[in-house]
$ cat data.cif   # mmCIF, C-alpha atoms
data_my_file
loop_
_atom_site.group_PDB
_atom_site.id
_atom_site.type_symbol
_atom_site.label_atom_id
_atom_site.label_comp_id
_atom_site.auth_asym_id
_atom_site.auth_seq_id
_atom_site.Cartn_x
_atom_site.Cartn_y
_atom_site.Cartn_z
ATOM 1 C CA SER A 18 26.480 -18.471 -6.075
ATOM 2 C CA TYR A 19 24.677 -15.193 -6.707
ATOM 3 C CA ALA A 20 25.827 -11.674 -7.460
ATOM 4 C CA PRO A 21 24.822 -9.472 -5.751
ATOM 5 C CA GLY A 22 25.154 -11.696 -2.693
ATOM 6 C CA PHE A 23 22.153 -13.596 -1.418
ATOM 7 C CA VAL A 24 20.461 -12.162 1.678
ATOM 8 C CA GLY A 25 17.643 -14.303 3.001
ATOM 9 C CA THR A 26 14.340 -13.053 4.426
ATOM 10 C CA ILE A 27 11.932 -15.548 5.949
ATOM 11 C CA LEU A 28 8.328 -14.981 4.865
ATOM 12 C CA GLU A 29 5.446 -17.438 4.771
ATOM 13 C CA ALA A 30 7.814 -20.121 6.192
ATOM 14 C CA LEU A 31 10.066 -19.748 3.113
ATOM 15 C CA THR A 32 13.376 -17.975 2.619
ATOM 16 C CA PHE A 33 13.426 -15.236 -0.015
ATOM 17 C CA GLY A 34 16.189 -13.177 -1.539
ATOM 18 C CA PHE A 35 15.049 -9.831 -2.954
ATOM 19 C CA TYR A 36 16.791 -7.941 -5.766
ATOM 20 C CA GLN A 37 16.096 -4.838 -7.820
ATOM 21 C CA ALA A 38 18.659 -5.617 -10.535
ATOM 22 C CA PRO A 39 19.404 -8.647 -12.720
ATOM 23 C CA VAL A 40 21.058 -11.444 -10.770
ATOM 24 C CA THR A 41 24.177 -13.199 -12.039
ATOM 25 C CA VAL A 42 24.258 -16.893 -11.139
ATOM 26 C CA THR A 43 27.448 -18.958 -11.180
ATOM 27 C CA LEU A 44 27.142 -22.737 -11.368
ATOM 28 C CA GLU A 45 30.066 -24.863 -10.210
ATOM 29 C CA ALA A 46 30.770 -28.590 -10.344
ATOM 30 C CA MET A 47 33.833 -30.769 -9.947
ATOM 31 C CA ASP A 48 34.578 -34.349 -10.984
ATOM 32 C CA ASP A 49 37.912 -35.847 -9.973
ATOM 33 C CA PHE A 50 37.775 -38.678 -12.476
ATOM 34 C CA SER A 51 36.334 -38.259 -15.969
ATOM 35 C CA GLY A 52 35.603 -34.508 -15.837
ATOM 36 C CA ILE A 53 32.427 -32.503 -16.445
ATOM 37 C CA HIS A 54 30.626 -32.973 -19.731
ATOM 38 C CA SER A 55 27.594 -30.658 -19.458
ATOM 39 C CA PHE A 56 25.253 -28.638 -17.269
ATOM 40 C CA VAL A 57 21.486 -28.369 -17.471
ATOM 41 C CA TYR A 58 19.968 -25.497 -15.513
ATOM 42 C CA SER A 59 16.559 -23.955 -14.887
ATOM 43 C CA TYR A 60 15.180 -20.922 -13.131
ATOM 44 C CA ALA A 61 11.601 -21.967 -12.690
ATOM 45 C CA LEU A 62 8.732 -19.844 -11.403
ATOM 46 C CA GLN A 63 7.264 -20.434 -7.977
ATOM 47 C CA GLU A 64 3.746 -21.806 -8.201
ATOM 48 C CA GLY A 65 1.002 -19.209 -8.219
ATOM 49 C CA VAL A 66 3.182 -16.154 -8.874
ATOM 50 C CA SER A 67 2.224 -13.183 -11.025
ATOM 51 C CA ASP A 68 2.028 -13.506 -14.803
ATOM 52 C CA ILE A 69 4.490 -10.613 -15.002
ATOM 53 C CA ASN A 70 7.291 -13.082 -14.162
ATOM 54 C CA ASN A 71 9.287 -15.140 -16.645
ATOM 55 C CA GLY A 72 11.549 -18.131 -16.175
ATOM 56 C CA LYS A 73 13.500 -20.684 -18.171
ATOM 57 C CA THR A 74 13.620 -24.438 -17.925
ATOM 58 C CA THR A 75 16.025 -27.106 -19.186
ATOM 59 C CA VAL A 76 18.792 -24.921 -20.592
ATOM 60 C CA VAL A 77 21.633 -27.208 -21.770
ATOM 61 C CA VAL A 78 25.235 -25.971 -21.519
ATOM 62 C CA HIS A 79 27.673 -28.154 -23.436
ATOM 63 C CA GLU A 80 31.297 -28.716 -22.541
ATOM 64 C CA GLU A 81 32.613 -26.201 -25.068
ATOM 65 C CA ASP A 82 30.615 -23.431 -23.324
ATOM 66 C CA LEU A 83 31.811 -24.292 -19.821
ATOM 67 C CA THR A 84 34.803 -22.713 -18.163
ATOM 68 C CA ILE A 85 37.045 -25.697 -17.419
ATOM 69 C CA ASP A 86 39.909 -25.653 -14.919
ATOM 70 C CA GLY A 87 41.197 -29.171 -14.674
ATOM 71 C CA LYS A 88 38.340 -31.206 -13.238
ATOM 72 C CA HIS A 89 36.478 -28.077 -12.138
ATOM 73 C CA ALA A 90 33.787 -26.509 -14.353
ATOM 74 C CA THR A 91 31.815 -23.264 -13.991
ATOM 75 C CA TYR A 92 29.152 -21.470 -15.960
ATOM 76 C CA THR A 93 27.607 -18.041 -15.411
ATOM 77 C CA PHE A 94 24.246 -16.739 -16.569
ATOM 78 C CA THR A 95 21.971 -13.822 -15.698
ATOM 79 C CA ILE A 96 18.353 -13.842 -14.560
ATOM 80 C CA PRO A 97 16.623 -10.656 -15.688
ATOM 81 C CA PRO A 98 13.671 -8.965 -13.966
ATOM 82 C CA GLN A 99 10.834 -9.947 -13.472
ATOM 83 C CA PHE A 100 11.355 -13.282 -11.738
ATOM 84 C CA ARG A 101 10.240 -15.146 -8.635
ATOM 85 C CA GLY A 102 11.306 -18.732 -8.229
ATOM 86 C CA ASN A 103 14.153 -21.217 -7.731
ATOM 87 C CA VAL A 104 17.399 -22.043 -9.485
ATOM 88 C CA SER A 105 18.313 -25.674 -10.086
ATOM 89 C CA PHE A 106 20.949 -27.414 -12.156
ATOM 90 C CA LYS A 107 22.296 -30.819 -13.062
ATOM 91 C CA ALA A 108 25.920 -31.636 -13.849
ATOM 92 C CA THR A 109 26.799 -34.656 -16.004
ATOM 93 C CA ASP A 110 30.310 -36.044 -16.196
ATOM 94 C CA LYS A 111 31.893 -37.755 -19.174
ATOM 95 C CA ALA A 112 30.913 -41.127 -17.755
ATOM 96 C CA THR A 113 27.252 -39.941 -17.876
ATOM 97 C CA LEU A 114 26.972 -39.853 -14.094
ATOM 98 C CA GLU A 115 24.698 -37.073 -12.879
ATOM 99 C CA SER A 116 24.436 -34.859 -9.815
ATOM 100 C CA SER A 117 21.590 -32.394 -9.216
ATOM 101 C CA LEU A 118 21.103 -29.385 -6.939
ATOM 102 C CA THR A 119 18.085 -27.177 -6.308
ATOM 103 C CA HIS A 120 18.509 -23.939 -4.391
ATOM 104 C CA GLU A 121 15.573 -23.948 -1.980
ATOM 105 C CA GLN A 122 15.628 -20.205 -1.391
ATOM 106 C CA ILE A 123 13.310 -18.178 -3.601
ATOM 107 C CA LEU A 124 14.767 -15.367 -5.674
ATOM 108 C CA VAL A 125 12.624 -12.285 -6.284
ATOM 109 C CA ILE A 126 13.941 -9.944 -8.978
ATOM 110 C CA ASP A 127 11.595 -6.998 -9.259
ATOM 111 C CA THR A 128 12.041 -3.545 -10.800
ATOM 112 C CA VAL A 129 8.387 -2.467 -10.858
ATOM 113 C CA ALA A 130 7.171 -0.062 -8.167
ATOM 114 C CA PRO A 131 3.833 -0.720 -6.472
ATOM 115 C CA GLY A 132 0.816 1.108 -7.881
ATOM 116 C CA ILE A 133 -1.661 2.565 -5.391
ATOM 117 C CA THR A 134 -5.046 4.232 -5.800
ATOM 118 C CA VAL A 135 -7.537 5.271 -3.118
ATOM 119 C CA SER A 136 -11.245 5.863 -3.685
ATOM 120 C CA TYR A 137 -14.021 6.950 -1.312
ATOM 121 C CA ASP A 138 -17.637 5.857 -1.196
ATOM 122 C CA ASN A 139 -18.910 9.240 0.023
ATOM 123 C CA MET A 140 -18.024 12.028 -2.400
ATOM 124 C CA ASN A 141 -20.865 14.393 -1.429
ATOM 125 C CA ALA A 142 -18.665 17.165 -0.120
ATOM 126 C CA LEU A 143 -19.964 20.486 1.110
ATOM 127 C CA HIS A 144 -17.603 23.446 0.787
ATOM 128 C CA ASP A 145 -14.946 21.202 -0.830
ATOM 129 C CA SER A 146 -14.067 18.963 2.125
ATOM 130 C CA TYR A 147 -16.931 18.655 4.630
ATOM 131 C CA TYR A 148 -19.066 15.502 4.839
ATOM 132 C CA ASP A 149 -22.237 14.987 6.865
ATOM 133 C CA SER A 150 -21.889 11.189 7.054
ATOM 134 C CA PRO A 151 -19.035 8.645 7.459
ATOM 135 C CA ARG A 152 -16.583 7.920 4.644
ATOM 136 C CA THR A 153 -14.921 4.639 3.707
ATOM 137 C CA ALA A 154 -11.656 4.629 1.775
ATOM 138 C CA THR A 155 -10.907 1.650 -0.468
ATOM 139 C CA ILE A 156 -7.164 1.116 -0.929
ATOM 140 C CA ARG A 157 -6.159 -0.656 -4.127
ATOM 141 C CA ILE A 158 -2.553 -1.850 -4.452
ATOM 142 C CA GLU A 159 -1.145 -3.450 -7.583
ATOM 143 C CA GLU A 160 2.045 -5.296 -6.711
ATOM 144 C CA ALA A 161 3.345 -8.634 -7.983
ATOM 145 C CA ASN A 162 5.287 -9.335 -4.779
ATOM 146 C CA PHE A 163 2.951 -8.218 -2.018
ATOM 147 C CA PHE A 164 3.255 -9.874 1.391
ATOM 148 C CA GLU A 165 0.882 -9.430 4.335
ATOM 149 C CA GLN A 166 3.959 -8.943 6.515
ATOM 150 C CA ASP A 167 4.840 -5.790 4.545
ATOM 151 C CA ILE A 168 2.342 -3.800 6.598
ATOM 152 C CA GLU A 169 3.587 -5.306 9.875
ATOM 153 C CA ASP A 170 7.175 -4.420 8.972
ATOM 154 C CA GLY A 171 6.292 -0.824 8.039
ATOM 155 C CA LEU A 172 7.073 -1.206 4.332
ATOM 156 C CA LEU A 173 3.440 -0.440 3.557
ATOM 157 C CA LEU A 174 2.662 2.593 5.695
ATOM 158 C CA ILE A 175 -0.850 3.999 6.071
ATOM 159 C CA THR A 176 -1.043 7.184 8.139
ATOM 160 C CA VAL A 177 -4.271 8.660 9.492
ATOM 161 C CA GLY A 178 -4.363 11.932 11.394
ATOM 162 C CA LYS A 179 -7.487 12.733 13.423
ATOM 163 C CA THR A 180 -8.391 15.898 15.315
ATOM 164 C CA LEU A 181 -11.524 15.669 17.432
ATOM 165 C CA ASN A 182 -13.827 18.590 18.197
ATOM 166 C CA ASP A 183 -12.209 18.998 21.621
ATOM 167 C CA GLY A 184 -8.813 19.488 19.960
ATOM 168 C CA THR A 185 -7.418 16.033 20.740
ATOM 169 C CA HIS A 186 -5.047 15.072 17.919
ATOM 170 C CA THR A 187 -3.817 11.553 17.164
ATOM 171 C CA VAL A 188 -1.767 9.966 14.384
ATOM 172 C CA THR A 189 -2.212 6.238 13.802
ATOM 173 C CA ASN A 190 -0.992 3.642 11.321
ATOM 174 C CA PRO A 191 -3.947 1.342 10.575
ATOM 175 C CA LYS A 192 -3.193 -2.215 9.484
ATOM 176 C CA PRO A 193 -6.227 -3.423 7.550
ATOM 177 C CA THR A 194 -6.542 -6.904 6.091
ATOM 178 C CA PHE A 195 -6.045 -7.001 2.334
ATOM 179 C CA THR A 196 -7.949 -9.215 -0.087
ATOM 180 C CA LYS A 197 -6.028 -10.677 -3.038
ATOM 181 C CA ASN A 198 -7.254 -10.802 -6.635
ATOM 182 C CA GLY A 199 -4.323 -11.631 -8.892
ATOM 183 C CA ASP A 200 -1.759 -8.867 -8.431
ATOM 184 C CA VAL A 201 -4.366 -6.514 -6.932
ATOM 185 C CA TYR A 202 -4.870 -6.218 -3.176
ATOM 186 C CA THR A 203 -7.695 -4.207 -1.614
ATOM 187 C CA ALA A 204 -8.597 -3.106 1.903
ATOM 188 C CA GLU A 205 -10.952 -0.584 3.488
ATOM 189 C CA ILE A 206 -10.621 2.062 6.196
ATOM 190 C CA THR A 207 -13.709 3.809 7.571
ATOM 191 C CA PHE A 208 -13.796 7.340 8.979
ATOM 192 C CA ALA A 209 -16.890 7.241 11.171
ATOM 193 C CA GLU A 210 -16.227 9.774 13.917
ATOM 194 C CA ASP A 211 -16.745 13.529 13.884
ATOM 195 C CA ALA A 212 -13.220 14.841 13.270
ATOM 196 C CA ASP A 213 -10.807 16.562 10.920
ATOM 197 C CA TYR A 214 -8.872 13.850 9.071
ATOM 198 C CA THR A 215 -5.710 13.419 7.047
ATOM 199 C CA PHE A 216 -4.902 10.273 5.088
ATOM 200 C CA ASP A 217 -1.600 9.289 3.483
ATOM 201 C CA ILE A 218 -0.034 6.086 2.167
ATOM 202 C CA SER A 219 3.393 4.950 0.953
ATOM 203 C CA TYR A 220 4.877 1.579 0.052
ATOM 204 C CA THR A 221 8.392 0.298 -0.554
ATOM 205 C CA ASP A 222 8.360 -3.299 -1.764
ATOM 206 C CA ARG A 223 10.996 -5.751 -0.579
ATOM 207 C CA SER A 224 13.143 -5.224 -3.656
ATOM 208 C CA GLY A 225 13.340 -1.505 -2.856
ATOM 209 C CA ASN A 226 10.856 -0.156 -5.428
ATOM 210 C CA VAL A 227 9.098 2.882 -3.980
ATOM 211 C CA PHE A 228 5.634 4.402 -4.195
ATOM 212 C CA ASP A 229 5.562 7.690 -2.278
ATOM 213 C CA SER A 230 3.660 10.032 -4.601
ATOM 214 C CA TYR A 231 0.241 9.988 -2.919
ATOM 215 C CA ALA A 232 -1.155 13.466 -2.303
ATOM 216 C CA GLU A 233 -2.309 13.537 1.313
ATOM 217 C CA ASP A 234 -6.078 13.822 1.744
ATOM 218 C CA HIS A 235 -7.645 16.388 4.099
ATOM 219 C CA PHE A 236 -11.343 16.289 4.977
ATOM 220 C CA THR A 237 -13.838 16.699 7.816
ATOM 221 C CA VAL A 238 -16.654 14.429 8.924
ATOM 222 C CA ASP A 239 -19.316 16.479 10.726
ATOM 223 C CA MET A 240 -22.576 14.746 11.660
ATOM 224 C CA ILE A 241 -23.583 17.070 14.520
ATOM 225 C CA LYS A 242 -26.259 19.651 13.741
ATOM 226 C CA PRO A 243 -25.643 23.253 14.839
ATOM 227 C CA GLU A 244 -27.372 24.415 18.009
ATOM 228 C CA ILE A 245 -29.047 27.840 17.755
ATOM 229 C CA LEU A 246 -30.307 29.938 20.664
ATOM 230 C CA VAL A 247 -31.924 33.367 20.258
ATOM 231 C CA THR A 248 -32.407 35.666 23.267
ATOM 232 C CA TYR A 249 -33.761 39.210 23.574
ATOM 233 C CA ASP A 250 -32.816 42.048 25.894
ATOM 234 C CA ASN A 251 -36.394 43.402 26.116
ATOM 235 C CA ASN A 252 -38.958 40.879 27.250
ATOM 236 C CA ASN A 253 -41.577 43.325 28.597
ATOM 237 C CA ALA A 254 -44.378 42.351 26.262
ATOM 238 C CA ARG A 255 -47.874 43.797 26.272
ATOM 239 C CA ASN A 256 -50.760 41.884 24.817
ATOM 240 C CA GLY A 257 -48.459 38.920 24.275
ATOM 241 C CA ASP A 258 -46.170 40.188 21.484
ATOM 242 C CA GLN A 259 -46.151 43.975 21.623
ATOM 243 C CA PHE A 260 -43.244 45.972 23.022
ATOM 244 C CA ALA A 261 -43.031 49.665 23.901
ATOM 245 C CA ALA A 262 -39.268 49.861 23.254
ATOM 246 C CA ASN A 263 -36.733 48.469 20.811
ATOM 247 C CA ARG A 264 -35.570 44.882 21.158
ATOM 248 C CA THR A 265 -32.101 43.489 20.468
ATOM 249 C CA ALA A 266 -31.873 39.824 19.517
ATOM 250 C CA THR A 267 -28.698 37.918 20.427
ATOM 251 C CA ILE A 268 -28.106 34.844 18.253
ATOM 252 C CA ARG A 269 -25.913 32.155 19.809
ATOM 253 C CA ILE A 270 -24.718 29.331 17.541
ATOM 254 C CA THR A 271 -22.818 26.303 18.827
ATOM 255 C CA GLU A 272 -21.017 24.655 15.893
ATOM 256 C CA HIS A 273 -17.460 23.314 15.678
ATOM 257 C CA ASN A 274 -17.146 23.940 11.925
ATOM 258 C CA PHE A 275 -18.715 27.410 11.912
ATOM 259 C CA THR A 276 -18.605 29.517 8.750
ATOM 260 C CA PRO A 277 -20.276 32.951 9.048
ATOM 261 C CA ASP A 278 -21.238 33.182 5.380
ATOM 262 C CA GLN A 279 -23.494 30.138 5.779
ATOM 263 C CA VAL A 280 -25.703 31.796 8.399
ATOM 264 C CA VAL A 281 -29.028 33.083 7.045
ATOM 265 C CA VAL A 282 -31.121 35.349 9.302
ATOM 266 C CA ASN A 283 -34.622 36.225 8.128
ATOM 267 C CA VAL A 284 -36.198 39.365 9.642
ATOM 268 C CA SER A 285 -39.526 40.874 8.609
ATOM 269 C CA ALA A 286 -41.669 43.824 9.708
ATOM 270 C CA ASN A 287 -45.365 44.082 9.000
ATOM 271 C CA GLY A 288 -45.026 41.119 6.695
ATOM 272 C CA ASN A 289 -42.111 42.600 4.689
ATOM 273 C CA SER A 290 -38.547 41.329 4.735
ATOM 274 C CA ILE A 291 -35.956 43.776 6.062
#
$ encode --input "data.cif" --output "structure tokens"
Amino acid sequence: SYAPGFVGTILEALTFGFYQAPVTVTLEAMDDFSGIHSFVYSYALQEGVSDINNGKTTVVVHEEDLTIDGKHATYTFTIPPQFRGNVSFKATDKATLESSLTHEQILVIDTVAPGITVSYDNMNALHDSYYDSPRTATIRIEEANFFEQDIEDGLLLITVGKTLNDGTHTVTNPKPTFTKNGDVYTAEITFAEDADYTFDISYTDRSGNVFDSYAEDHFTVDMIKPEILVTYDNNNARNGDQFAANRTATIRITEHNFTPDQVVVNVSANGNSI
């Protein structure tokens, strides 16, 4: 038996129990005839798990270390973090007869929070947060007990806000496919449309360790050139470009991300700037 109690979660066709604290395991065996002589137990690592995990194999518990109640024997030990694997034990009676048991469920004891970094391929910002071409974010997650189903179950939550030039605002939760390299998982999200964007990410692993310290990104992708139209109130020209009265020019600029201080108007008279 386990303390705290075992709660199973089925992932990858296996049943897991997730813990954030050391797990106390109690082994029990009973022999109605000669009595229990010894236990041998192991908590062995699941194949292919992170190197951060540690297990033990072939731990012998002799009779003097067992708790004996008549023909009933128990022994308790603790599995510390970090661990991912199975518990098994063998009981031997005084007649050297043996009985073995392996707990098929996989224990995950994890106290390390996920680590997350995000980098962008396009860092050529104008005015701090404006980009004239698409951006791709690369998400890098370091987590010993990452499961693809974490993103489906909302434990890994990616949030993208997008406001189009017409004012339409949407909030989505992309679910990219992650590539594994040891304990590091990477995925990409591309921002290819003209819009104002926000990007945020959080992750609570299945043992309850939380990453929620990402500072939300704000940026704009703007690939549309401004449209400029200049009109005049006086178009009564003589000799092609000569006017008998003053002219007023009206400048009309169509641009979603307009900033007045970026407009440069060049005016000259008789070859001299004014």
$ resolve_selection --input "data.cif" --expression "the PyMOL selection byres ((chain A and resi 212-223) around 8)" --output "ChimeraX atom specification"
/A:35,130-131,162-163,167,172-182,210-211,224-239
$ resolve_selection --input "data.cif" --expression "the PyMOL selection byres ((chain A and resi 164) around 12)" --output "count of residues only"
31
$ closest_residue --input "data.cif" --among "A:Val247, A:Ile268, A:Ile241, A:Val57" --to "Asp149 (chain A)" --atoms "all atoms listed in the file"
A:Ile241
$ closest_residue --input "data.cif" --among "A:Tyr148, A:Ser59, A:Val282, A:Phe260" --to "Thr119 (chain A)" --atoms "all atoms listed in the file"
A:Ser59
$ residues_around --input "data.cif" --residues "Phe100 (chain A)" --least-positions-apart "6" --cutoff "9 Å" --atoms "all atoms listed in the file" --output "list in words"
Tyr60, Ala61, Leu62, Ile69, Asn70, Asn71, Gly72, Leu124, Val125, Ile126 and Asp127 of chain A
$ resolve_selection --input "data.cif" --expression "the PyMOL selection byres ((chain A and resi 135) around 6)" --output "ChimeraX atom specification"
/A:134,136,155-156
$ closest_residue --input "data.cif" --among "A:Thr207, A:Thr32, A:Thr271, A:Asn198" --to "Glu121 (chain A)" --atoms "all atoms listed in the file"
A:Thr32
$ atom_distance --input "data.cif" --atom1 "CA of Val284 (chain A)" --atom2 "CA of Asn263 (chain A)"
14.4 Å
$ closest_residue --input "data.cif" --among "A:Asp110, A:Asp258, A:Glu244, A:Asp49" --to "Phe275 (chain A)" --atoms "all atoms listed in the file"
A:Glu244
$ atom_distance --input "data.cif" --atom1 "CA of Gln63 (chain A)" --atom2 "CA of Arg157 (chain A)"
24.2 Å
